[in-house]
Amino acid sequence: MDPLISSPRAAVALTGEVARPALLTVDDLVDSAAWPVHHAEVTFLCSTSGARRHRFSGPALHDVVLSAAPAFPSGRRKDRTRFLLVVAGADGHVAVLSWAEIDPDFAGSAVLLATHADGSSLAGPGPQLVVPGDRYGARCVSRVGRVGVHRAGADTGDQGERRGPATTSPIGRRAS
């Protein structure tokens, strides 16, 4: 079991391609003046219980991750679109977001690292990822233990180089 996720005091680790990795508790997220509190009322459709409505509050995921200084290769906006955020919960649930989804220069979605749900503190279980625009709650990760910042293609060798046109279609004929 990962010690960062299973520690007695719930904390979220900011890891990956960042200059300032950090381990933050819900209290750290609440007490920091660097991260304004945002509020979201969300409704998610659940396959077993129908519509579920909740009120969440906490800092924007963008603000928290930006404070860890992601290793964007240059000041060009285009370079930031190559980064992914992998958010993992203590139960093994994982959600992936692109940096462009939360960056105000692109989609600017108000994704939260919630510290409160329906008025109750999440200091015990840990923060929760909340993606207000989602119809279903599949990317809503409870008890977040890790947010990793990764460059797309870093593990596959795909750094955006052009590979040329496909020579066959999925059914085996030559593509036109």
# chains A, B, ... in the order shown; residues from 1 in each chain; ligands from 1

$ residues_around --residues "His38 (chain A)" --least-positions-apart "2" --cutoff "6 Å" --atoms "only C-alpha atoms" --output "list of chain:residue names"
A:Ser57, A:Gly58, A:Pro59

$ write_last_selection --atoms "N, CA and C atoms" --output "mmCIF file, in the first residue's frame"
data_model
loop_
_atom_site.group_PDB
_atom_site.id
_atom_site.type_symbol
_atom_site.label_atom_id
_atom_site.label_comp_id
_atom_site.auth_asym_id
_atom_site.auth_seq_id
_atom_site.Cartn_x
_atom_site.Cartn_y
_atom_site.Cartn_z
ATOM 1 N N SER A 57 -16.972 22.648 -2.038
ATOM 2 C CA SER A 57 -16.143 23.861 -2.009
ATOM 3 C C SER A 57 -14.693 23.446 -1.802
ATOM 4 N N GLY A 58 -13.807 24.287 -2.313
ATOM 5 C CA GLY A 58 -12.374 24.033 -2.195
ATOM 6 C C GLY A 58 -11.635 24.785 -3.276
ATOM 7 N N PRO A 59 -10.328 24.644 -3.308
ATOM 8 C CA PRO A 59 -9.545 25.359 -4.313
ATOM 9 C C PRO A 59 -9.696 24.727 -5.700
#

$ residues_around --residues "Leu97 (chain A)" --least-positions-apart "5" --cutoff "10 Å" --atoms "only C-alpha atoms" --output "short mmCIF file (atom, residue, chain, number, x, y, z; two decimals) with C-alpha atoms, in the first residue's frame"
data_model
loop_
_atom_site.label_atom_id
_atom_site.label_comp_id
_atom_site.auth_asym_id
_atom_site.auth_seq_id
_atom_site.Cartn_x
_atom_site.Cartn_y
_atom_site.Cartn_z
CA PHE A 83 0.33 17.59 -20.16
CA LEU A 84 -2.05 15.26 -18.35
CA LEU A 85 -3.17 15.11 -14.74
CA VAL A 86 -3.61 11.65 -13.25
CA VAL A 87 -5.74 11.84 -10.10
CA ILE A 102 -8.49 23.27 -16.49
CA VAL A 111 -12.52 21.53 -11.57
CA VAL A 131 -15.60 17.91 -12.33
CA ARG A 139 -14.29 11.34 -12.79
CA VAL A 149 1.53 15.78 -13.72
#

$ select_by_dssp --residues "region 28-159 of chain A" --states "alpha helix (DSSP H)" --output "ChimeraX atom specification"
/A:28-31,61-66,77-80,99-102

$ closest_residue --among "A:Val12, A:Val18, A:Val147, A:Val42" --to "Val94 (chain A)" --atoms "only C-alpha atoms"
A:Val147

$ closest_residue --among "A:Gly145, A:Gly16, A:Gly50, A:Pro104" --to "Pro70 (chain A)" --atoms "only C-alpha atoms"
A:Gly16

$ closest_residue --among "A:Ser67, A:Gln128, A:Asp31, A:Val141" --to "Leu14 (chain A)" --atoms "only C-alpha atoms"
A:Ser67

$ closest_atom_pairs --of "region 38-73 of chain A" --to "region 134-137 of chain A" --cutoff "12 Å" --atoms "only C-alpha atoms" --output "tab-separated table"
residue	atom	partner	partner_atom	distance
A:Val42	CA	A:Asp134	CA	8.9
A:Thr43	CA	A:Arg135	CA	7.5
A:Phe44	CA	A:Tyr136	CA	4.9
A:Leu45	CA	A:Tyr136	CA	5.0
A:Cys46	CA	A:Tyr136	CA	6.6
A:Ser47	CA	A:Tyr136	CA	8.8
A:Thr48	CA	A:Tyr136	CA	11.8
A:Ser49	CA	A:Tyr136	CA	11.9
A:Gly50	CA	A:Tyr136	CA	10.2
A:Ala51	CA	A:Tyr136	CA	9.1
A:Arg52	CA	A:Gly137	CA	9.2
A:Arg53	CA	A:Gly137	CA	10.7
A:His54	CA	A:Gly137	CA	11.2

$ closest_residue --among "A:Ala107, A:Ala138, A:Phe56, A:Trp99" --to "Ser120 (chain A)" --atoms "only C-alpha atoms"
A:Phe56

$ atom_distance --atom1 "CA of Gly119 (chain A)" --atom2 "CA of Pro36 (chain A)"
16.9 Å

$ atom_distance --atom1 "CA of Ala60 (chain A)" --atom2 "CA of Ala90 (chain A)"
20.3 Å

$ residues_around --residues "Val26 (chain A)" --least-positions-apart "5" --cutoff "10 Å" --atoms "only C-alpha atoms" --output "list in words"
Arg9, Ala10, Ala11, Val12, Asp31, Gly58, Leu113, Ala114, Thr115, His116, Ser121, Leu122, Ala123, Gly124, Pro125, Gly126, Pro127 and Gln128 of chain A
